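Text of the file work36.pdb, holding PDB, C-alpha atoms and all ligand atoms:
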```pdb
ATOM      1  CA  MET A   1       8.988  57.859   1.946
ATOM      2  CA  LYS A   2      11.157  57.927   5.081
ATOM      3  CA  PRO A   3      14.227  55.665   4.953
ATOM      4  CA  VAL A   4      13.052  53.753   8.010
ATOM      5  CA  MET A   5       9.779  52.900   6.252
ATOM      6  CA  VAL A   6      11.622  51.769   3.149
ATOM      7  CA  LEU A   7      13.744  49.496   5.311
ATOM      8  CA  THR A   8      10.690  48.134   7.102
ATOM      9  CA  LEU A   9       8.950  47.397   3.802
ATOM     10  CA  LEU A  10      12.107  45.763   2.467
ATOM     11  CA  ALA A  11      12.382  43.577   5.570
ATOM     12  CA  LEU A  12       8.697  42.608   5.281
ATOM     13  CA  SER A  13       9.024  41.727   1.616
ATOM     14  CA  LEU A  14      12.035  39.550   2.339
ATOM     15  CA  SER A  15      10.429  37.680   5.222
ATOM     16  CA  GLY A  16       6.801  37.489   4.022
ATOM     17  CA  PRO A  17       5.186  34.923   1.740
ATOM     18  CA  ALA A  18       6.452  34.750  -1.848
ATOM     19  CA  LEU A  19       4.630  37.267  -4.031
ATOM     20  CA  ALA A  20       5.005  35.230  -7.207
ATOM     21  CA  ASP A  21       3.774  31.662  -7.631
ATOM     22  CA  GLU A  22       6.968  29.776  -8.342
ATOM     23  CA  ARG A  23       5.432  26.335  -8.527
ATOM     24  CA  GLU A  24       5.948  24.434 -11.757
ATOM     25  CA  PRO A  25       2.825  24.394 -13.982
ATOM     26  CA  ILE A  26       1.246  21.095 -15.065
ATOM     27  CA  PRO A  27      -0.856  21.906 -18.183
ATOM     28  CA  LEU A  28      -4.156  19.988 -18.124
ATOM     29  CA  ASN A  29      -7.271  20.012 -20.289
ATOM     30  CA  PRO A  30     -10.648  20.436 -18.522
ATOM     31  CA  ALA A  31     -11.407  16.694 -18.238
ATOM     32  CA  GLN A  32      -7.951  15.983 -16.824
ATOM     33  CA  GLU A  33      -8.138  18.910 -14.418
ATOM     34  CA  HIS A  34     -11.554  17.800 -13.207
ATOM     35  CA  PHE A  35     -10.279  14.265 -12.621
ATOM     36  CA  VAL A  36      -7.196  15.427 -10.695
ATOM     37  CA  ARG A  37      -9.082  17.924  -8.502
ATOM     38  CA  ASP A  38     -11.823  15.368  -7.828
ATOM     39  CA  GLU A  39      -9.215  12.811  -6.792
ATOM     40  CA  MET A  40      -7.553  15.397  -4.547
ATOM     41  CA  ARG A  41     -10.806  16.120  -2.724
ATOM     42  CA  GLY A  42     -11.187  12.347  -2.382
ATOM     43  CA  PHE A  43      -7.753  12.191  -0.728
ATOM     44  CA  LEU A  44      -8.752  14.843   1.786
ATOM     45  CA  ALA A  45     -12.112  13.187   2.521
ATOM     46  CA  ALA A  46     -10.372   9.825   2.983
ATOM     47  CA  LEU A  47      -7.852  11.343   5.409
ATOM     48  CA  GLN A  48     -10.713  12.830   7.425
ATOM     49  CA  GLY A  49     -12.617   9.539   7.559
ATOM     50  CA  ILE A  50      -9.490   7.542   8.373
ATOM     51  CA  HIS A  51      -8.694   9.809  11.329
ATOM     52  CA  ALA A  52     -12.277   9.496  12.571
ATOM     53  CA  GLY A  53     -12.106   5.717  12.105
ATOM     54  CA  LEU A  54      -8.825   5.495  14.019
ATOM     55  CA  SER A  55     -10.219   7.465  16.936
ATOM     56  CA  SER A  56     -13.263   5.186  17.221
ATOM     57  CA  GLY A  57     -11.433   1.922  16.458
ATOM     58  CA  ASP A  58     -13.450   1.367  13.251
ATOM     59  CA  TRP A  59     -10.822  -0.611  11.312
ATOM     60  CA  VAL A  60     -13.291  -1.703   8.625
ATOM     61  CA  ARG A  61     -13.862   1.954   7.769
ATOM     62  CA  VAL A  62     -10.138   2.781   7.937
ATOM     63  CA  ALA A  63      -9.260  -0.066   5.542
ATOM     64  CA  ALA A  64     -12.119   0.671   3.112
ATOM     65  CA  LEU A  65     -11.295   4.380   2.854
ATOM     66  CA  ALA A  66      -7.571   3.730   2.450
ATOM     67  CA  ARG A  67      -8.151   1.068  -0.233
ATOM     68  CA  GLY A  68     -10.456   3.465  -2.091
ATOM     69  CA  MET A  69      -7.468   5.811  -2.540
ATOM     70  CA  GLY A  70      -5.053   3.005  -3.482
ATOM     71  CA  LYS A  71      -3.635   2.064  -6.883
ATOM     72  CA  ALA A  72      -7.050   1.057  -8.243
ATOM     73  CA  ALA A  73      -8.253   4.679  -7.919
ATOM     74  CA  GLY A  74      -6.067   5.782 -10.837
ATOM     75  CA  GLU A  75      -7.463   3.219 -13.278
ATOM     76  CA  THR A  76     -10.320   5.463 -14.436
ATOM     77  CA  ALA A  77      -8.033   8.367 -15.421
ATOM     78  CA  PRO A  78      -8.903  10.222 -18.649
ATOM     79  CA  PRO A  79      -6.643   9.638 -21.690
ATOM     80  CA  GLY A  80      -3.253  11.369 -21.780
ATOM     81  CA  LEU A  81      -3.174  12.165 -18.080
ATOM     82  CA  GLY A  82      -0.099  10.075 -17.277
ATOM     83  CA  GLU A  83       1.843  11.769 -20.088
ATOM     84  CA  ALA A  84       0.835  15.242 -18.814
ATOM     85  CA  PHE A  85       2.664  14.588 -15.537
ATOM     86  CA  THR A  86       6.407  14.983 -14.948
ATOM     87  CA  PRO A  87       8.331  11.935 -13.647
ATOM     88  CA  ARG A  88       8.499  13.442 -10.134
ATOM     89  CA  PHE A  89       4.752  14.179 -10.155
ATOM     90  CA  ARG A  90       4.090  10.565 -11.186
ATOM     91  CA  GLU A  91       6.443   9.289  -8.489
ATOM     92  CA  TRP A  92       4.762  11.267  -5.660
ATOM     93  CA  GLY A  93       1.304  10.360  -6.975
ATOM     94  CA  SER A  94       2.234   6.708  -7.152
ATOM     95  CA  ALA A  95       3.786   6.757  -3.651
ATOM     96  CA  THR A  96       0.539   8.252  -2.316
ATOM     97  CA  HIS A  97      -1.619   5.479  -3.831
ATOM     98  CA  THR A  98       0.816   2.747  -2.740
ATOM     99  CA  GLY A  99       0.920   4.226   0.771
ATOM    100  CA  PHE A 100      -2.873   4.051   1.040
ATOM    101  CA  ASP A 101      -2.855   0.411  -0.173
ATOM    102  CA  GLN A 102      -0.269  -0.513   2.479
ATOM    103  CA  LEU A 103      -2.273   1.319   5.156
ATOM    104  CA  ALA A 104      -5.362  -0.697   4.142
ATOM    105  CA  LEU A 105      -3.483  -4.027   4.338
ATOM    106  CA  ASP A 106      -1.925  -3.286   7.734
ATOM    107  CA  ALA A 107      -5.175  -1.852   9.108
ATOM    108  CA  GLU A 108      -6.848  -5.188   8.361
ATOM    109  CA  SER A 109      -4.076  -7.418   9.654
ATOM    110  CA  MET A 110      -2.549  -5.455  12.559
ATOM    111  CA  GLN A 111      -5.017  -2.828  13.790
ATOM    112  CA  ASP A 112      -2.172  -0.781  15.235
ATOM    113  CA  VAL A 113      -3.055   2.923  15.712
ATOM    114  CA  SER A 114       0.489   4.168  16.071
ATOM    115  CA  LEU A 115       1.601   2.285  12.933
ATOM    116  CA  ALA A 116      -1.354   3.771  11.014
ATOM    117  CA  LEU A 117      -0.562   7.308  12.214
ATOM    118  CA  GLY A 118       3.052   6.892  11.125
ATOM    119  CA  GLN A 119       1.881   5.687   7.703
ATOM    120  CA  LEU A 120      -0.459   8.679   7.393
ATOM    121  CA  GLY A 121       2.467  10.975   8.202
ATOM    122  CA  GLU A 122       4.499   9.367   5.409
ATOM    123  CA  ILE A 123       1.576   9.566   2.939
ATOM    124  CA  MET A 124       1.070  13.253   3.729
ATOM    125  CA  LYS A 125       4.711  14.021   2.959
ATOM    126  CA  ASN A 126       3.793  13.295  -0.670
ATOM    127  CA  CYS A 127       0.819  15.698  -0.499
ATOM    128  CA  MET A 128       3.067  18.427   0.868
ATOM    129  CA  GLN A 129       6.011  17.925  -1.472
ATOM    130  CA  CYS A 130       3.828  17.830  -4.559
ATOM    131  CA  HIS A 131       1.738  20.855  -3.528
ATOM    132  CA  ALA A 132       4.905  22.843  -2.824
ATOM    133  CA  THR A 133       6.310  21.997  -6.269
ATOM    134  CA  TYR A 134       3.420  21.952  -8.783
ATOM    135  CA  ARG A 135       0.271  23.809  -9.751
ATOM    136  CA  ILE A 136      -2.323  22.997 -12.400
ATOM    137  CA  GLU A 137      -2.256  25.194 -15.474
ATOM    138  CA  SER A 138      -5.806  25.050 -16.725
ATOM    139  CA  SER A 139      -6.617  25.115 -20.421
ATOM    140  CA  ALA A 140     -10.295  25.739 -19.529
ATOM    141  CA  ARG A 141     -11.600  29.207 -20.459
ATOM    142  CA  PRO A 142     -11.452  31.511 -17.427
ATOM    143  CA  ALA A 143     -14.931  32.288 -16.025
ATOM    144  CA  ARG A 144     -16.118  35.785 -16.911
TER     145      ARG A 144
HETATM  146  C1  LIG A 201       1.630  14.174  -7.312
HETATM  147  C2  LIG A 201       1.195  15.476  -6.874
HETATM  148  C3  LIG A 201       0.177  15.599  -5.776
HETATM  149  C4  LIG A 201       0.000  14.778  -4.690
HETATM  150  C5  LIG A 201       0.806  13.555  -4.261
HETATM  151  C6  LIG A 201      -1.125  15.321  -3.972
HETATM  152  N1  LIG A 201      -1.617  16.432  -4.602
HETATM  153 FE1  LIG A 201      -3.241  17.519  -4.042
HETATM  154  N2  LIG A 201      -2.994  18.746  -5.629
HETATM  155  C7  LIG A 201      -1.956  18.674  -6.542
HETATM  156  C8  LIG A 201      -2.033  19.786  -7.476
HETATM  157  C9  LIG A 201      -1.066  20.062  -8.626
HETATM  158  C10 LIG A 201      -3.162  20.534  -7.101
HETATM  159  C11 LIG A 201      -3.651  21.829  -7.748
HETATM  160  C12 LIG A 201      -2.922  22.976  -7.067
HETATM  161  C13 LIG A 201      -3.048  24.281  -7.815
HETATM  162  O1  LIG A 201      -3.205  24.286  -9.056
HETATM  163  O2  LIG A 201      -2.958  25.343  -7.155
HETATM  164  C14 LIG A 201      -3.753  19.851  -5.936
HETATM  165  C15 LIG A 201      -4.905  20.252  -5.290
HETATM  166  C16 LIG A 201      -5.422  19.650  -4.154
HETATM  167  C17 LIG A 201      -6.651  20.053  -3.507
HETATM  168  C18 LIG A 201      -7.615  21.115  -4.012
HETATM  169  C19 LIG A 201      -8.635  20.414  -4.937
HETATM  170  C20 LIG A 201      -9.592  21.339  -5.678
HETATM  171  O3  LIG A 201     -10.799  21.052  -5.686
HETATM  172  O4  LIG A 201      -9.138  22.342  -6.255
HETATM  173  C21 LIG A 201      -6.784  19.256  -2.402
HETATM  174  C22 LIG A 201      -7.925  19.273  -1.389
HETATM  175  C23 LIG A 201      -5.645  18.354  -2.361
HETATM  176  N3  LIG A 201      -4.838  18.620  -3.470
HETATM  177  C24 LIG A 201      -5.433  17.389  -1.387
HETATM  178  C25 LIG A 201      -4.393  16.472  -1.414
HETATM  179  C26 LIG A 201      -4.111  15.509  -0.363
HETATM  180  C27 LIG A 201      -4.874  15.388   0.940
HETATM  181  C28 LIG A 201      -3.049  14.769  -0.783
HETATM  182  C29 LIG A 201      -2.335  13.616  -0.110
HETATM  183  C30 LIG A 201      -3.106  12.537   0.424
HETATM  184  C31 LIG A 201      -2.657  15.278  -2.078
HETATM  185  N4  LIG A 201      -3.482  16.300  -2.426
HETATM  186  C32 LIG A 201      -1.615  14.767  -2.811
HETATM  187  C33 LIG A 201      -0.987  17.700  -6.605
HETATM  188  C34 LIG A 201      -0.840  16.651  -5.699
END
```
Now, as a test, write the supplied structure out as structure tokens.
Ligand code: HEC
Amino acid sequence: MKPVMVLTLLALSLSGPALADEREPIPLNPAQEHFVRDEMRGFLAALQGIHAGLSSGDWVRVAALARGMGKAAGETAPPGLGEAFTPRFREWGSATHTGFDQLALDAESMQDVSLALGQLGEIMKNCMQCHATYRIESSARPAR
């Protein structure tokens, strides 16, 4: 290989995306993994609906969707899930639920779009930080 190619490849490997997944694994059994992934898809669906509700001024919808992702959402968690999480995972998860509860309260009482958008930005910091730090390590058998 020509030296210039080696250098180009080296530069690409230094600047490109990480080749190894360096996120910290959270080991979960199948029921726990299902619950977490289901809740995650619920978060995304709620964010979509909340944005649509904000654009059309549908505050009833905004508040209902936000409350649905609040603290009460975690009450149906399968046994042992809390203990499977690290303290930081629990903290970001809890901040996400609390953020949605606050959004619901303020949506009902203030109906202020720019406040709601700011709250969504803060909520989504938790999504980003946690996704950058952790991955699920599944104990389910890999599909063949
Ligand atoms: C406390 C940690 C944490 C928070 C907060 C968090 N997530 Fe996740 N999320 C995860 C982990 C871990 C995975 C699995 C990633 C993996 O294994 O590659 C995941 C996966 C997902 C998935 C994929 C679900 C599937 O079916 O596989 C979606 C969608 C998602 N998250 C959306 C969100 C959104 C939107 C938010 C914020 C409102 C959010 N998450 C907040 C930890 C978190």
Excluding region 113-116 of chain A and any residue of its chain fewer than 4 positions from it, enumerate the residues within 12 Å of it, using only C-alpha atoms, and give them as an MDAnalysis selection string. chainID A and resid 47 50:59 62:63 66 99:109 120:123
Which residues are near ligand LIG 201 (chain A) in this structure, taking near to mean any atom at most 6 Å from a ligand atom and counting all atoms listed in the file? Format them as an MDAnalysis selection string. chainID A and resid 37 40:41 43:44 89:90 92:93 96 124 126:127 130:131 134:136
Name the residues that the PyMOL selection byres (((chain A and resi 69) around 9) and not hetatm) picks from the file above, as number ranges by chain, using the file's chain letters and numbers. A: 39, 42-43, 46, 64-68, 70-74, 96-98, 100-101
What is the CA of Pro87 (chain A)-CA of Ala140 (chain A) distance in Å, reported with one decimal?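 Answer for the CA of Pro87 (chain A) to CA of Ala140 (chain A) separation: 23.9 Å.
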Which distance in Å separates CA of Asn29 (chain A) and CA of Gln48 (chain A), to one decimal?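 About the pair CA of Asn29 (chain A) and CA of Gln48 (chain A): they are 28.8 Å apart.
Contact shell of Ser139 (chain A) at 12 Å (only C-alpha atoms; same-chain neighbours under 5 positions omitted): Pro25, Ile26, Pro27, Leu28, Asn29, Pro30, Ala31, Gln32, Glu33 and His34 of chain A.
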For CA of Gln111 (chain A) and CA of Met128 (chain A), the interatomic separation in Å (one decimal):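 For CA of Gln111 (chain A) relative to CA of Met128 (chain A), the distance reads 26.2 Å.
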Residue nearest Ala77 (chain A) among A:Val36, A:Gln129, A:Gly118, A:Ala20 (counting all atoms listed in the file): A:Val36
Best match for closeness to Glu24 (chain A) among A:Gln119, A:Thr133, A:Ser94, A:Thr76, counting all atoms listed in the file: A:Thr133
With N, CA and C atoms as the target, complete region 33-59 of chain A and hand it back as an mmCIF file, in the frame of the given file.
```cif
data_model
loop_
_atom_site.group_PDB
_atom_site.id
_atom_site.type_symbol
_atom_site.label_atom_id
_atom_site.label_comp_id
_atom_site.auth_asym_id
_atom_site.auth_seq_id
_atom_site.Cartn_x
_atom_site.Cartn_y
_atom_site.Cartn_z
ATOM 1 N N GLU A 33 -8.143 18.068 -15.619
ATOM 2 C CA GLU A 33 -8.138 18.910 -14.418
ATOM 3 C C GLU A 33 -9.256 18.483 -13.465
ATOM 4 N N HIS A 34 -10.430 18.227 -14.039
ATOM 5 C CA HIS A 34 -11.554 17.800 -13.207
ATOM 6 C C HIS A 34 -11.213 16.494 -12.473
ATOM 7 N N PHE A 35 -10.626 15.553 -13.220
ATOM 8 C CA PHE A 35 -10.279 14.265 -12.621
ATOM 9 C C PHE A 35 -9.286 14.453 -11.463
ATOM 10 N N VAL A 36 -8.242 15.245 -11.723
ATOM 11 C CA VAL A 36 -7.196 15.427 -10.695
ATOM 12 C C VAL A 36 -7.784 16.114 -9.455
ATOM 13 N N ARG A 37 -8.536 17.206 -9.669
ATOM 14 C CA ARG A 37 -9.082 17.924 -8.502
ATOM 15 C C ARG A 37 -10.076 17.059 -7.722
ATOM 16 N N ASP A 38 -10.861 16.261 -8.478
ATOM 17 C CA ASP A 38 -11.823 15.368 -7.828
ATOM 18 C C ASP A 38 -11.076 14.332 -6.973
ATOM 19 N N GLU A 39 -10.008 13.795 -7.533
ATOM 20 C CA GLU A 39 -9.215 12.811 -6.792
ATOM 21 C C GLU A 39 -8.602 13.448 -5.543
ATOM 22 N N MET A 40 -8.157 14.690 -5.676
ATOM 23 C CA MET A 40 -7.553 15.397 -4.547
ATOM 24 C C MET A 40 -8.554 15.563 -3.403
ATOM 25 N N ARG A 41 -9.783 15.958 -3.771
ATOM 26 C CA ARG A 41 -10.806 16.120 -2.724
ATOM 27 C C ARG A 41 -11.121 14.765 -2.100
ATOM 28 N N GLY A 42 -11.014 13.703 -2.910
ATOM 29 C CA GLY A 42 -11.187 12.347 -2.382
ATOM 30 C C GLY A 42 -10.097 12.007 -1.373
ATOM 31 N N PHE A 43 -8.860 12.417 -1.679
ATOM 32 C CA PHE A 43 -7.753 12.191 -0.728
ATOM 33 C C PHE A 43 -8.070 12.830 0.622
ATOM 34 N N LEU A 44 -8.497 14.101 0.547
ATOM 35 C CA LEU A 44 -8.752 14.843 1.786
ATOM 36 C C LEU A 44 -9.896 14.205 2.578
ATOM 37 N N ALA A 45 -10.968 13.823 1.855
ATOM 38 C CA ALA A 45 -12.112 13.187 2.521
ATOM 39 C C ALA A 45 -11.683 11.860 3.147
ATOM 40 N N ALA A 46 -10.835 11.111 2.441
ATOM 41 C CA ALA A 46 -10.372 9.825 2.983
ATOM 42 C C ALA A 46 -9.549 10.064 4.250
ATOM 43 N N LEU A 47 -8.666 11.062 4.211
ATOM 44 C CA LEU A 47 -7.852 11.343 5.409
ATOM 45 C C LEU A 47 -8.754 11.671 6.598
ATOM 46 N N GLN A 48 -9.783 12.472 6.339
ATOM 47 C CA GLN A 48 -10.713 12.830 7.425
ATOM 48 C C GLN A 48 -11.371 11.582 7.993
ATOM 49 N N GLY A 49 -11.913 10.745 7.104
ATOM 50 C CA GLY A 49 -12.617 9.539 7.559
ATOM 51 C C GLY A 49 -11.690 8.560 8.260
ATOM 52 N N ILE A 50 -10.453 8.461 7.758
ATOM 53 C CA ILE A 50 -9.490 7.542 8.373
ATOM 54 C C ILE A 50 -9.156 8.007 9.796
ATOM 55 N N HIS A 51 -8.964 9.305 9.977
ATOM 56 C CA HIS A 51 -8.694 9.809 11.329
ATOM 57 C C HIS A 51 -9.873 9.534 12.258
ATOM 58 N N ALA A 52 -11.093 9.768 11.749
ATOM 59 C CA ALA A 52 -12.277 9.496 12.571
ATOM 60 C C ALA A 52 -12.353 8.007 12.896
ATOM 61 N N GLY A 53 -12.078 7.167 11.896
ATOM 62 C CA GLY A 53 -12.106 5.717 12.105
ATOM 63 C C GLY A 53 -11.066 5.269 13.119
ATOM 64 N N LEU A 54 -9.878 5.865 13.064
ATOM 65 C CA LEU A 54 -8.825 5.495 14.019
ATOM 66 C C LEU A 54 -9.231 5.860 15.440
ATOM 67 N N SER A 55 -9.877 7.034 15.576
ATOM 68 C CA SER A 55 -10.219 7.465 16.936
ATOM 69 C C SER A 55 -11.335 6.608 17.528
ATOM 70 N N SER A 56 -12.176 6.012 16.674
ATOM 71 C CA SER A 56 -13.263 5.186 17.221
ATOM 72 C C SER A 56 -12.975 3.686 17.084
ATOM 73 N N GLY A 57 -11.787 3.338 16.585
ATOM 74 C CA GLY A 57 -11.433 1.922 16.458
ATOM 75 C C GLY A 57 -12.201 1.209 15.352
ATOM 76 N N ASP A 58 -12.682 1.970 14.352
ATOM 77 C CA ASP A 58 -13.450 1.367 13.251
ATOM 78 C C ASP A 58 -12.485 0.987 12.117
ATOM 79 N N TRP A 59 -11.866 -0.198 12.269
ATOM 80 C CA TRP A 59 -10.822 -0.611 11.312
ATOM 81 C C TRP A 59 -11.390 -0.970 9.953
#
```
